[in-house]
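*Asks:* Contents of input16.cif (mmCIF, C-alpha atoms (C1' of nucleotides)) are below:
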data_start
loop_
_atom_site.label_atom_id
_atom_site.label_comp_id
_atom_site.auth_asym_id
_atom_site.auth_seq_id
_atom_site.Cartn_x
_atom_site.Cartn_y
_atom_site.Cartn_z
CA MET A 1 175.62 -10.14 -3.90
CA GLU A 2 175.70 -8.36 -7.20
CA THR A 3 177.18 -5.13 -5.92
CA LEU A 4 179.53 -4.11 -3.14
CA THR A 5 179.11 -1.56 -0.37
CA ILE A 6 181.95 0.87 0.21
CA GLY A 7 183.03 -1.15 3.20
CA GLU A 8 183.16 -4.33 1.15
CA LEU A 9 185.08 -2.71 -1.67
CA SER A 10 187.45 -1.28 0.90
CA ALA A 11 188.00 -4.67 2.50
CA ARG A 12 188.54 -6.42 -0.82
CA SER A 13 190.81 -3.76 -2.30
CA GLY A 14 192.70 -2.72 0.79
CA VAL A 15 191.88 0.91 0.03
CA ALA A 16 190.29 2.97 2.81
CA PRO A 17 186.66 4.09 2.36
CA SER A 18 187.77 7.70 2.61
CA ALA A 19 190.18 7.10 -0.26
CA LEU A 20 187.45 5.47 -2.35
CA ARG A 21 185.20 8.51 -1.83
CA PHE A 22 188.14 10.69 -2.73
CA TYR A 23 188.72 8.68 -5.92
CA GLU A 24 185.08 9.11 -6.83
CA ARG A 25 185.24 12.88 -6.35
CA GLU A 26 188.31 12.84 -8.57
CA GLY A 27 186.50 10.86 -11.24
CA LEU A 28 188.64 7.72 -10.99
CA ILE A 29 185.86 5.33 -10.00
CA HIS A 30 182.08 5.35 -10.13
CA ALA A 31 179.23 4.11 -7.99
CA SER A 32 175.47 3.87 -8.23
CA ARG A 33 173.26 4.74 -5.29
CA THR A 34 170.59 2.97 -3.28
CA SER A 35 167.27 4.67 -2.58
CA GLY A 36 168.84 5.77 0.69
CA ASN A 37 171.83 7.39 -1.08
CA GLN A 38 174.42 4.81 -0.16
CA ARG A 39 177.06 3.80 -2.70
CA ARG A 40 176.85 0.45 -4.44
CA TYR A 41 179.81 -0.63 -6.54
CA ASP A 42 179.64 -2.86 -9.58
CA ARG A 43 182.15 -5.69 -9.30
CA ALA A 44 183.98 -4.22 -12.30
CA GLU A 45 185.02 -1.32 -10.10
CA LEU A 46 187.29 -3.68 -8.21
CA ARG A 47 189.42 -3.94 -11.30
CA ARG A 48 189.61 -0.18 -11.58
CA VAL A 49 190.74 0.16 -7.99
CA SER A 50 193.27 -2.56 -8.60
CA PHE A 51 194.57 -0.71 -11.62
CA ILE A 52 194.90 2.46 -9.56
CA LYS A 53 196.90 0.66 -6.89
CA ILE A 54 199.23 -0.86 -9.44
CA ALA A 55 199.75 2.39 -11.30
CA GLN A 56 200.56 4.11 -8.03
CA GLN A 57 203.21 1.53 -7.31
CA VAL A 58 204.73 2.30 -10.67
CA GLY A 59 204.74 5.90 -9.55
CA VAL A 60 202.08 7.48 -11.71
CA SER A 61 200.08 10.41 -10.40
CA LEU A 62 196.31 10.20 -9.97
CA ASP A 63 195.91 12.75 -12.75
CA GLU A 64 197.65 10.46 -15.18
CA ILE A 65 195.81 7.43 -13.91
CA ARG A 66 192.54 9.19 -14.54
CA GLU A 67 193.63 9.98 -18.07
CA ALA A 68 194.38 6.33 -18.67
CA LEU A 69 191.10 5.17 -17.15
CA ASP A 70 189.25 7.71 -19.26
CA SER A 71 190.45 5.85 -22.33
CA LEU A 72 188.36 2.85 -21.30
CA PRO A 73 184.91 2.60 -22.95
CA GLU A 74 182.20 4.34 -20.96
CA ASN A 75 179.21 2.65 -22.47
CA ARG A 76 180.14 -0.90 -21.52
CA THR A 77 182.11 -2.88 -18.99
CA PRO A 78 185.73 -2.99 -20.17
CA THR A 79 186.76 -6.27 -21.75
CA LYS A 80 190.00 -8.15 -21.27
CA ALA A 81 191.21 -6.54 -24.48
CA ASP A 82 190.54 -3.09 -23.08
CA TRP A 83 192.57 -3.83 -19.98
CA SER A 84 195.31 -5.46 -22.02
CA ARG A 85 195.70 -2.37 -24.13
CA LEU A 86 195.98 -0.23 -21.03
CA SER A 87 198.38 -2.57 -19.31
CA ALA A 88 200.65 -2.59 -22.33
CA ARG A 89 201.07 1.14 -21.97
CA TRP A 90 201.99 0.81 -18.29
CA ARG A 91 204.36 -2.02 -19.07
CA TYR A 92 206.37 0.35 -21.18
CA ARG A 93 206.51 3.01 -18.49
CA LEU A 94 207.39 0.38 -15.94
CA GLN A 95 210.26 -0.78 -18.11
CA GLU A 96 211.53 2.78 -18.46
CA ARG A 97 211.48 3.19 -14.72
CA ILE A 98 213.21 -0.14 -14.17
CA THR A 99 215.95 0.79 -16.62
CA VAL A 100 216.66 4.02 -14.77
CA LEU A 101 216.83 2.25 -11.44
CA GLU A 102 219.07 -0.48 -12.83
CA ARG A 103 221.48 2.08 -14.17
CA LEU A 104 221.40 3.72 -10.77
CA ARG A 105 222.11 0.40 -9.08
CA ASP A 106 224.95 -0.55 -11.39
CA GLU A 107 226.73 2.76 -11.01
CA LEU A 108 225.99 3.63 -7.43
CA SER A 109 228.95 2.06 -5.65
CA GLY A 110 231.50 3.05 -8.23
CA CYS A 111 230.20 6.54 -8.65
CA ILE A 112 229.87 7.51 -5.04
CA GLY A 113 232.85 5.46 -3.97
CA CYS A 114 235.23 6.92 -6.51
CA GLY A 115 234.41 10.48 -5.69
CA CYS A 116 233.33 11.41 -9.21
CA LEU A 117 230.12 12.61 -7.70
CA SER A 118 230.53 16.20 -8.69
CA LEU A 119 227.15 16.26 -10.38
CA GLN A 120 228.07 17.99 -13.61
CA ARG A 121 229.21 14.82 -15.31
CA CYS A 122 227.71 12.16 -13.11
CA LYS A 123 225.11 10.03 -14.84
CA LEU A 124 223.50 9.26 -11.53
CA ALA A 125 222.57 12.73 -10.48
CA ASN A 126 221.75 13.73 -14.03
CA PRO A 127 220.29 10.74 -15.80
CA GLY A 128 219.59 10.96 -19.48
CA ASP A 129 215.87 11.26 -19.06
CA ARG A 130 213.96 13.99 -17.34
CA LEU A 131 213.33 12.16 -14.12
CA ALA A 132 215.55 14.50 -12.17
CA ALA A 133 213.98 17.58 -13.72
CA GLY A 134 212.42 18.46 -10.40
CA GLY A 135 208.83 19.38 -9.87
CA THR A 136 207.13 20.24 -6.66
CA GLY A 137 205.91 17.86 -4.09
CA PRO A 138 206.99 14.72 -2.34
CA GLN A 139 208.35 11.87 -4.33
CA ARG A 140 208.59 9.15 -1.77
CA ILE A 141 208.28 5.71 -3.28
CA LEU A 142 209.17 3.27 -0.60
CA ASN A 143 207.10 3.03 2.48
CA PRO A 144 208.93 3.95 5.68
CA ALA A 145 207.91 0.53 6.97
CA VAL A 146 210.02 -1.13 4.32
CA SER A 147 213.38 0.06 5.52
CA MET B 148 237.65 29.11 -4.91
CA GLU B 149 237.77 27.00 -1.81
CA THR B 150 234.11 27.29 -0.92
CA LEU B 151 230.87 27.77 -2.82
CA THR B 152 228.13 30.34 -2.40
CA ILE B 153 224.56 29.10 -2.29
CA GLY B 154 224.11 30.22 -5.87
CA GLU B 155 227.14 28.27 -7.00
CA LEU B 156 226.12 25.14 -5.14
CA SER B 157 222.67 25.49 -6.64
CA ALA B 158 224.06 25.84 -10.16
CA ARG B 159 226.41 22.87 -9.78
CA SER B 160 223.89 20.58 -8.10
CA GLY B 161 220.75 21.58 -9.94
CA VAL B 162 218.98 22.06 -6.61
CA ALA B 163 217.25 25.41 -6.02
CA PRO B 164 218.70 27.75 -3.38
CA SER B 165 215.42 27.59 -1.48
CA ALA B 166 215.72 23.81 -1.36
CA LEU B 167 219.31 24.05 -0.12
CA ARG B 168 218.21 26.34 2.71
CA PHE B 169 215.41 23.91 3.44
CA TYR B 170 217.88 21.01 3.57
CA GLU B 171 220.01 22.96 6.00
CA ARG B 172 217.05 23.66 8.28
CA GLU B 173 216.32 19.94 8.13
CA GLY B 174 219.88 19.08 9.05
CA LEU B 175 220.76 17.36 5.78
CA ILE B 176 223.59 19.67 4.79
CA HIS B 177 225.76 22.23 6.56
CA ALA B 178 227.32 25.58 5.76
CA SER B 179 229.69 27.99 7.41
CA ARG B 180 229.05 31.72 7.34
CA THR B 181 230.95 34.77 6.18
CA SER B 182 231.34 37.79 8.45
CA GLY B 183 228.27 39.14 6.67
CA ASN B 184 226.21 36.03 7.50
CA GLN B 185 226.18 34.52 4.02
CA ARG B 186 226.47 30.78 3.57
CA ARG B 187 229.72 29.27 2.29
CA TYR B 188 229.71 25.60 1.39
CA ASP B 189 232.67 23.28 1.59
CA ARG B 190 233.13 21.40 -1.68
CA ALA B 191 232.35 18.17 0.20
CA GLU B 192 228.76 19.37 0.56
CA LEU B 193 228.34 18.86 -3.15
CA ARG B 194 228.63 15.13 -2.58
CA ARG B 195 226.01 15.29 0.14
CA VAL B 196 223.59 17.09 -2.14
CA SER B 197 224.34 14.58 -4.83
CA PHE B 198 223.59 11.75 -2.44
CA ILE B 199 220.30 13.37 -1.50
CA LYS B 200 219.29 13.66 -5.14
CA ILE B 201 220.11 10.04 -5.84
CA ALA B 202 218.34 8.76 -2.75
CA GLN B 203 215.26 10.72 -3.72
CA GLN B 204 215.26 9.08 -7.11
CA VAL B 205 215.29 5.74 -5.39
CA GLY B 206 212.29 6.98 -3.48
CA VAL B 207 213.62 7.49 0.01
CA SER B 208 212.14 10.19 2.22
CA LEU B 209 214.24 13.06 3.52
CA ASP B 210 213.87 11.69 7.04
CA GLU B 211 215.53 8.47 6.03
CA ILE B 212 218.16 10.28 4.00
CA ARG B 213 219.05 12.33 7.05
CA GLU B 214 219.38 9.17 9.09
CA ALA B 215 221.78 7.76 6.53
CA LEU B 216 223.81 10.96 6.34
CA ASP B 217 223.97 11.07 10.12
CA SER B 218 225.90 7.83 10.00
CA LEU B 219 228.76 9.61 8.25
CA PRO B 220 231.58 10.83 10.52
CA GLU B 221 231.04 14.32 11.83
CA ASN B 222 234.57 15.11 12.82
CA ARG B 223 236.14 14.71 9.39
CA THR B 224 235.33 14.89 5.72
CA PRO B 225 233.86 11.53 4.66
CA THR B 226 236.26 9.28 2.81
CA LYS B 227 235.56 7.12 -0.21
CA ALA B 228 235.12 4.22 2.18
CA ASP B 229 232.47 6.12 4.11
CA TRP B 230 230.52 6.81 0.95
CA SER B 231 230.96 3.25 -0.26
CA ARG B 232 229.50 1.88 2.93
CA LEU B 233 226.51 4.16 2.57
CA SER B 234 226.03 3.39 -1.10
CA ALA B 235 226.05 -0.33 -0.38
CA ARG B 236 223.02 0.14 1.82
CA TRP B 237 221.19 2.01 -0.91
CA ARG B 238 222.17 -0.55 -3.48
CA TYR B 239 220.28 -3.13 -1.50
CA ARG B 240 217.16 -0.99 -1.24
CA LEU B 241 217.40 -0.18 -4.89
CA GLN B 242 217.56 -3.86 -5.75
CA GLU B 243 214.48 -4.54 -3.62
CA ARG B 244 212.62 -1.84 -5.44
CA ILE B 245 213.75 -3.09 -8.85
CA THR B 246 212.63 -6.62 -8.00
CA VAL B 247 209.16 -5.42 -7.10
CA LEU B 248 208.86 -3.45 -10.30
CA GLU B 249 210.13 -6.36 -12.39
CA ARG B 250 207.57 -8.66 -10.90
CA LEU B 251 204.98 -6.03 -11.64
CA ARG B 252 206.18 -5.78 -15.23
CA ASP B 253 206.29 -9.52 -15.81
CA GLU B 254 202.82 -10.11 -14.49
CA LEU B 255 201.05 -6.98 -15.56
CA SER B 256 199.74 -8.02 -18.95
CA GLY B 257 198.71 -11.49 -17.92
CA CYS B 258 197.21 -10.38 -14.68
CA ILE B 259 195.14 -7.50 -15.91
CA GLY B 260 194.40 -9.14 -19.22
CA CYS B 261 193.14 -12.38 -17.74
CA GLY B 262 190.78 -10.68 -15.36
CA CYS B 263 192.26 -12.26 -12.25
CA LEU B 264 192.65 -8.81 -10.86
CA SER B 265 190.35 -9.32 -7.94
CA LEU B 266 192.96 -8.16 -5.48
CA GLN B 267 192.62 -10.84 -2.83
CA ARG B 268 194.90 -13.23 -4.61
CA CYS B 269 196.64 -10.99 -7.08
CA LYS B 270 200.35 -10.68 -6.48
CA LEU B 271 200.36 -7.34 -8.19
CA ALA B 272 198.02 -5.46 -5.96
CA ASN B 273 199.29 -7.28 -2.88
CA PRO B 274 202.98 -7.93 -3.32
CA GLY B 275 204.79 -10.04 -0.77
CA ASP B 276 206.50 -7.13 0.87
CA ARG B 277 204.94 -4.23 2.66
CA LEU B 278 205.22 -1.77 -0.16
CA ALA B 279 201.48 -1.63 -0.57
CA ALA B 280 200.87 -1.24 3.12
CA GLY B 281 199.68 2.29 2.59
CA GLY B 282 200.82 5.24 4.61
CA THR B 283 199.73 8.79 4.23
CA GLY B 284 200.90 11.16 1.62
CA PRO B 285 201.68 11.18 -2.04
CA GLN B 286 203.78 8.47 -3.52
CA ARG B 287 204.48 9.79 -6.96
CA ILE B 288 207.71 8.49 -8.39
CA LEU B 289 207.78 9.54 -11.98
CA ASN B 290 207.77 13.15 -12.89
CA PRO B 291 204.70 14.29 -14.85
CA ALA B 292 207.12 15.57 -17.48
CA VAL B 293 208.23 12.02 -18.18
CA SER B 294 204.97 10.80 -19.63
"C1'" DC C 295 160.07 -1.93 15.67
"C1'" DT C 296 164.34 -1.10 17.76
"C1'" DG C 297 169.15 -0.71 18.06
"C1'" DC C 298 173.44 -0.20 16.19
"C1'" DA C 299 177.03 -0.62 12.84
"C1'" DA C 300 177.76 1.23 8.58
"C1'" DC C 301 176.81 4.76 5.73
"C1'" DT C 302 176.27 10.06 4.18
"C1'" DT C 303 178.15 15.03 3.58
"C1'" DG C 304 181.25 19.24 3.36
"C1'" DA C 305 184.83 21.36 5.53
"C1'" DA C 306 188.94 21.35 7.60
"C1'" DG C 307 193.29 19.06 8.84
"C1'" DT C 308 197.76 16.41 7.73
"C1'" DT C 309 202.28 15.24 5.68
"C1'" DC C 310 205.98 15.90 2.53
"C1'" DA C 311 208.98 18.64 0.09
"C1'" DC C 312 209.43 22.49 -1.16
"C1'" DT C 313 208.49 27.64 -3.10
"C1'" DT C 314 207.18 32.35 -2.62
"C1'" DC C 315 207.12 36.65 -0.40
"C1'" DA C 316 208.49 40.97 1.77
"C1'" DA C 317 211.73 43.49 3.67
"C1'" DC C 318 216.08 43.76 4.30
"C1'" DT C 319 221.67 43.32 4.02
"C1'" DC C 320 226.01 42.02 1.63
"C1'" DA C 321 229.80 41.83 -1.88
"C1'" DA C 322 232.08 43.29 -5.65
"C1'" DG C 323 232.78 45.73 -10.24
"C1'" DG C 324 233.08 50.42 -12.24
"C1'" DC D 325 231.38 55.54 -3.01
"C1'" DC D 326 227.60 53.68 -5.53
"C1'" DT D 327 224.91 50.53 -7.67
"C1'" DT D 328 223.22 46.10 -8.46
"C1'" DG D 329 222.83 41.26 -8.28
"C1'" DA D 330 223.10 37.88 -4.87
"C1'" DG D 331 222.21 36.72 -0.34
"C1'" DT D 332 219.47 36.89 4.42
"C1'" DT D 333 215.20 35.84 7.44
"C1'" DG D 334 210.63 34.01 9.15
"C1'" DA D 335 206.17 33.30 7.82
"C1'" DA D 336 202.97 31.86 4.77
"C1'" DG D 337 201.57 29.37 0.56
"C1'" DT D 338 201.41 25.13 -2.67
"C1'" DG D 339 200.02 20.60 -4.45
"C1'" DA D 340 199.37 15.78 -4.01
"C1'" DA D 341 196.87 12.36 -1.83
"C1'" DC D 342 194.45 11.53 1.47
"C1'" DT D 343 192.28 11.45 6.59
"C1'" DT D 344 189.51 13.24 10.22
"C1'" DC D 345 185.57 15.31 12.08
"C1'" DA D 346 180.84 16.40 13.25
"C1'" DA D 347 176.37 15.81 12.65
"C1'" DG D 348 173.25 13.38 10.74
"C1'" DT D 349 170.88 8.99 7.92
"C1'" DT D 350 170.31 4.06 6.41
"C1'" DG D 351 169.92 -0.90 6.46
"C1'" DC D 352 169.54 -5.08 8.48
"C1'" DA D 353 169.50 -8.61 12.52
"C1'" DG D 354 166.93 -9.76 16.28
#
Here is a file; write its structure as structure tokens.
*Replies:*
Amino acid sequence: METLTIGELSARSGVAPSALRFYEREGLIHASRTSGNQRRYDRAELRRVSFIKIAQQVGVSLDEIREALDSLPENRTPTKADWSRLSARWRYRLQERITVLERLRDELSGCIGCGCLSLQRCKLANPGDRLAAGGTGPQRILNPAVS
Amino acid sequence: METLTIGELSARSGVAPSALRFYEREGLIHASRTSGNQRRYDRAELRRVSFIKIAQQVGVSLDEIREALDSLPENRTPTKADWSRLSARWRYRLQERITVLERLRDELSGCIGCGCLSLQRCKLANPGDRLAAGGTGPQRILNPAVS
DNA sequence: CTGCAACTTGAAGTTCACTTCAACTCAAGG
DNA sequence: CCTTGAGTTGAAGTGAACTTCAAGTTGCAG
């Protein structure tokens, strides 16, 4: 088995076939076709899907993920070095995000408990970075099932 | 100034008036009315809005935030102790989330770089908890502006 | 060769968290 | 009193990330 069907890629990645087709339309992954027009995925695509899943957990939008994936070489299968370069970038973003959440954690009890939560001064509601800047759309991170 | 108009609450909280009306429809905040049917917010509502903003940064859905807020006493203005109790719950969730992201950070380079990213075994794509369990809808955490 | 699960498509639907709109009313300074 | 900025409503629109549907086609085991 050199290549994977959409069902196989779905099973191995945990991503629904409909989502994989959606990713393809969005230019995040690629597939070749059989004579009968069915998708066949190179094994290397598994790593792409994996990268997408991880980036989503970090909280990056598909638009940004596509940008990152576009920086991989198109003419050859990405090497370990290619992936390392990409992952280094995400590591930095991840660290930024962790720092924000840690600050949140460390100040949460005190800040809400003490009643300082009047928003103008509070570091929680107005963190130094632009995370709270707003922007349309849902921003749910945790799955409801996690609660 | 005992109470705040919607414009004032918006200015102080950084949440758009339309969002405040939306929160009210959703039962997350409350307002009294003037004789002319305009909203007047008790100063204590500011803390509710603040809590909503913080919880959203942690990645909690409005449904879950409402549940949490519903556990506050209805017959009196919440005390510091009430808020502390609530914040303790969030602190725990926050810590869970941080732990996941730290694991992600610590394993990202090695995992992607080494090519083990085949998803069946990889701790990254399939973390121990149910975070990756899927669920419909967007799961963006970071604002595009942050990039 | 047959049967059936797995695949194909485009279009439309869903959820979340809002925002925008139109048409209107209210509150307060001059 | 008049003007004007701020507020009111319900309905409809938005964007992200998918899912569902219907109607048809393909691929492989028996």
*Asks:* Contacts from chain D to chain B, 10 Å maximum, all atoms listed in the file: show me the residue list as number ranges by chain.
*Replies:* D: 330-332, 339-343
*Asks:* For this structure, which residues satisfy the selection - the PyMOL selection byres ((chain C) within 10 of (chain B)) - when it is evaluated on the file as given? I want them as a list in words.
*Replies:*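 Taken on the displayed file, the PyMOL selection byres ((chain C) within 10 of (chain B)) yields the residues DT308, DT309, DC310, DA311, DC312, DT313, DT314, DT319, DC320 and DA321 of chain C.
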*Asks:* Here is a test: counting only C-alpha atoms, which residue of A:Arg25, A:Arg103, A:Arg91, A:Arg40 is nearest to Val58 of chain A?
*Replies:*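 Distance minimum relative to Val58 of chain A lands on A:Arg91.
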*Asks:* I'd like to know which of B:Leu219, B:Leu193, B:Ala202, B:Ile176 is closest to chain A, using all atoms listed in the file.
*Replies:*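 Selected residue with least distance to chain A: B:Leu193.
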*Asks:* Please, what distance in Å, to one decimal, runs between atom CA of Leu241 of chain B and atom CA of Ala228 of chain B?
*Replies:*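 Between atom CA of Leu241 of chain B and atom CA of Ala228 of chain B the gap works out to 19.6 Å.
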*Asks:* One decimal, in Å: what's the spacing between atom C1' of DC325 of chain D and atom C1' of DG323 of chain C?
*Replies:*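 Taking atom C1' of DC325 of chain D as the start and atom C1' of DG323 of chain C as the end point, the length is 12.3 Å.
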*Asks:* Can you tell me how far atom CA of Ser84 of chain A sits from atom CA of Ala31 of chain A, in Å to one decimal?
*Replies:*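 Atom CA of Ser84 of chain A sits 23.4 Å away from atom CA of Ala31 of chain A.
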*Asks:* Skip DA347 of chain D itself and residues of its chain fewer than 3 positions away, then list as a PDB file with C-alpha atoms (C1' of nucleotides), in the coordinates of the input all residues within 12 Å of it, counting only C-alpha atoms (C1' of nucleotides).
*Replies:*
ATOM      1  C1'  DT C 302     176.270  10.060   4.180  1.00  0.00           C
ATOM      2  C1'  DT C 303     178.150  15.030   3.580  1.00  0.00           C
ATOM      3  C1'  DG C 304     181.250  19.240   3.360  1.00  0.00           C
TER       4       DG C 304
END
*Asks:* Taking all atoms listed in the file into account, name the residue in A:Val49, A:Leu20, A:Glu2, A:Asp70 that is nearest to chain B.
*Replies:*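 The answer is A:Val49, which sits nearest to chain B.
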*Asks:* Which of these residues is nearest to chain B, using all atoms listed in the file: A:Thr99, A:Ile54, A:Glu45, A:Arg76?
*Replies:*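 The shortest atom-to-atom distance to chain B comes from A:Ile54.
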*Asks:* Which protein, DNA or RNA residues are at most 12 Å from (166.6, -7.5, 15.7) in the file's coordinates when you count all atoms listed in the file, listed as a list in words?
*Replies:* DC295, DT296, DG297 and DC298 of chain C; DG351, DC352, DA353 and DG354 of chain D
*Asks:* Could you give me the axis-aligned bounding box of segment 184-203 of chain B, with 5 Å of padding per side, as centre plus edge lengths in Å to one decimal, as JSON?
*Replies:*
{"center_x": 224.2, "center_y": 22.4, "center_z": 0.8, "size_x": 27.9, "size_y": 37.3, "size_z": 23.3}
*Asks:* Evaluating the PyMOL selection byres ((chain C and resi 317) around 12) on the displayed file yields which residues, as a list in words?
*Replies:* DC315, DA316, DC318 and DT319 of chain C; DT332, DT333 and DG334 of chain D
*Asks:* Here's a test: counting all atoms listed in the file, identify every protein, DNA and RNA residue with an atom at most 12 Å from (222.7, 2.7, 0.5) in the file's coordinate frame, and state them as a VMD selection string.
*Replies:* (chain A and resid 104 to 105 108 to 109 112 to 113 147) or (chain B and resid 198 to 199 201 to 203 205 to 207 211 to 212 214 to 216 218 229 to 243)
*Asks:* Return as a VMD selection string the set of residues that the PyMOL selection byres ((chain D and resi 345) around 10) yields on the displayed structure.
*Replies:* (chain C and resid 305 to 307) or (chain D and resid 343 to 344 346 to 347)
*Asks:* Of the residues B:Pro220, B:Val162, B:Glu173, B:Leu151, which is the one nearest to chain A, using only C-alpha atoms?
*Replies:*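 Of B:Pro220, B:Val162, B:Glu173, B:Leu151, the one nearest chain A is B:Val162, counting only C-alpha atoms.
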*Asks:* For a quick check of understanding, using all atoms listed in the file, which of A:Thr77, A:Ser32, A:Thr3, A:Ser13 has the smallest distance to chain B?
*Replies:*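 Looking only at the distances to chain B, the closest residue turns out to be A:Ser13.
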